[in-house]
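Visitor: Mind having a look at this structure? Questions to follow.
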Amino acid sequence: MSVSLVGAGPGDPELITVRGLARVRAADVLVYDRLVSAELVAEAPAQALRIARDELTQAEVNDALIDHGRRSFAVRLKGGDPFVFGRGGEEALALAAAGVPFELVPGVSSIAAVPESALIPVTHRGVSQSVTAFAAHDVEKLDVAALARVPGTLVAFMGGARAERLAQRLIEHGKPASTPAAVISRGTLDDEQVQVTPLGSLAAATATPALVVIGEVVALRAALGALRRSAA
């Protein structure tokens, strides 16, 4: 008996890994995030117990994984990758402390997949050689002064609703208002929305989930879009 912590990928159900899908299809118990697609949840066996994570505290999630992992094969299905703003580390530590065997199945993280879906490379030779990712659900607590000085690309998770305030704070600390920026809502899905604008004009996302990308790489989207259209 054991637990598998599985990354579901950035949104599109086709972006889960082969191993991840196999684990879901073998699950006796499936504990899943709200952002995981219904198609993936439906891949679990008909008799599997399905538990929505949003109805539980993190402590209750940990307890459920320990309890079910001792008696059956439980799968914790998480958006993106378990170790990228997914609390996978916390759950793995809880399982380890309880002596419950577990495995980690990496998932495609939104850090690169969502910008790529929107034709934005997070690194590009001669433009950006580094990527800094951070959670932006509480902009006021961020070390924005440090972020404003970091070279390369900034990728803000959970920052769509606070995009305008994030931009204001970065500009206050020296980031040029002309820096290209994008808010990508529901990335990789059919109803993906992309807002591209100078940092100084950045507005909050109109849909969630959303990722904010800030840096010169955003300007490459126009050229890549034109090339993709001409090759179609």
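Numbering starts fresh at 1 for the residues of each chain in the structure tokens, the chains themselves are lettered A, B, ... in the order given, and ligands are numbered from 1 as they appear.
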Would you list the contacts of A:Ala74 as a ChimeraX atom specification, taking every protein, DNA or RNA residue within 12 Å and counting only C-alpha atoms, but skipping same-chain residues closer than 4 positions in sequence?

Guide: /A:1-6,23-32,44,48-51,61-62,64-70,95,100-103

Visitor: Can I get the selected residues back with C-alpha atoms, as a compact mmCIF listing (two decimals), in the first residue's frame?

Guide:
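Okay, this is what ended up in part.txt:
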```
# COMPACT_ATOMS: atom_id res chain seq x y z
CA MET A 1 0.00 0.00 0.00
CA SER A 2 1.35 3.42 -0.88
CA VAL A 3 0.74 6.96 -2.15
CA SER A 4 1.70 8.45 -5.49
CA LEU A 5 2.05 12.24 -5.68
CA VAL A 6 1.30 12.98 -9.32
CA ARG A 23 -1.11 5.95 -11.74
CA VAL A 24 -4.49 7.69 -11.96
CA ARG A 25 -5.95 4.70 -13.80
CA ALA A 26 -4.70 2.36 -11.06
CA ALA A 27 -5.88 4.42 -8.08
CA ASP A 28 -8.07 3.03 -5.32
CA VAL A 29 -8.37 6.57 -3.91
CA LEU A 30 -7.91 9.82 -5.85
CA VAL A 31 -7.37 13.11 -3.99
CA TYR A 32 -7.46 15.86 -6.58
CA ALA A 44 -9.69 6.86 -12.27
CA ALA A 48 -12.25 4.51 -6.91
CA LEU A 49 -13.01 6.87 -4.05
CA ARG A 50 -12.70 10.47 -5.28
CA ILE A 51 -11.88 13.21 -2.76
CA VAL A 61 -5.23 16.28 3.15
CA ASN A 62 -2.11 14.94 4.86
CA ALA A 64 -6.31 11.44 4.35
CA LEU A 65 -3.23 10.45 2.36
CA ILE A 66 -1.70 8.72 5.40
CA ASP A 67 -4.93 6.90 6.25
CA HIS A 68 -5.71 5.71 2.73
CA GLY A 69 -2.06 5.10 1.87
CA ARG A 70 -1.81 2.59 4.71
CA LEU A 95 3.96 10.59 4.57
CA VAL A 100 3.85 5.46 4.50
CA PRO A 101 5.68 4.52 1.26
CA PHE A 102 5.28 7.11 -1.48
CA GLU A 103 6.57 8.05 -4.91
```

Visitor: Residues of stretch 69-124 of chain A classed as strand (DSSP E or B) by DSSP on the backbone are to be reported as a PyMOL selection string.

Guide: chain A and resi 73-78+80+102-105+124

Visitor: Create the file for the chosen residues now, containing C-alpha atoms and written as an mmCIF file, in the first residue's frame.

Guide:
```cif
data_model
loop_
_atom_site.group_PDB
_atom_site.id
_atom_site.type_symbol
_atom_site.label_atom_id
_atom_site.label_comp_id
_atom_site.auth_asym_id
_atom_site.auth_seq_id
_atom_site.Cartn_x
_atom_site.Cartn_y
_atom_site.Cartn_z
ATOM 1 C CA PHE A 73 -3.149 2.719 -3.359
ATOM 2 C CA ALA A 74 -3.858 6.440 -3.100
ATOM 3 C CA VAL A 75 -3.045 9.028 -5.759
ATOM 4 C CA ARG A 76 -2.673 12.710 -4.945
ATOM 5 C CA LEU A 77 -3.315 14.476 -8.257
ATOM 6 C CA LYS A 78 -1.970 18.014 -8.253
ATOM 7 C CA GLY A 80 1.371 21.406 -12.560
ATOM 8 C CA PHE A 102 5.283 7.113 -1.481
ATOM 9 C CA GLU A 103 6.570 8.047 -4.905
ATOM 10 C CA LEU A 104 6.758 11.311 -6.800
ATOM 11 C CA VAL A 105 5.624 11.544 -10.404
ATOM 12 C CA HIS A 124 16.023 33.102 -25.262
#
```

Visitor: Determine, counting only C-alpha atoms, which protein, DNA and RNA residues have an atom within 12 Å of an atom of A:His137; residues of the same chain fewer than 4 positions away are not included. Present the result as a PyMOL selection string.

Guide: chain A and resi 85+141-142+156-163+165-166+209-212

Visitor: So which bits of stretch 8-161 of chain A end up alpha helix (DSSP H) when you DSSP the backbone, as a ChimeraX atom specification?

Guide: /A:18-25,38-41,58-71,88-98,110-117,144-149

Visitor: Counting only C-alpha atoms, figure out which residue out of A:Thr57, A:Gln47, A:Ser201, A:Gln193 gets nearest to A:Ser178.

Guide: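 Comparing A:Thr57, A:Gln47, A:Ser201, A:Gln193 against A:Ser178, the winner is A:Ser201.
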
Visitor: Give the answer as one residue: which of A:Leu220, A:Ala46, A:Val127, A:Val139 has the shortest atom-to-atom distance to A:Gln168, using only C-alpha atoms?

Guide: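 Using only C-alpha atoms, A:Gln168 sits closest to A:Val139.
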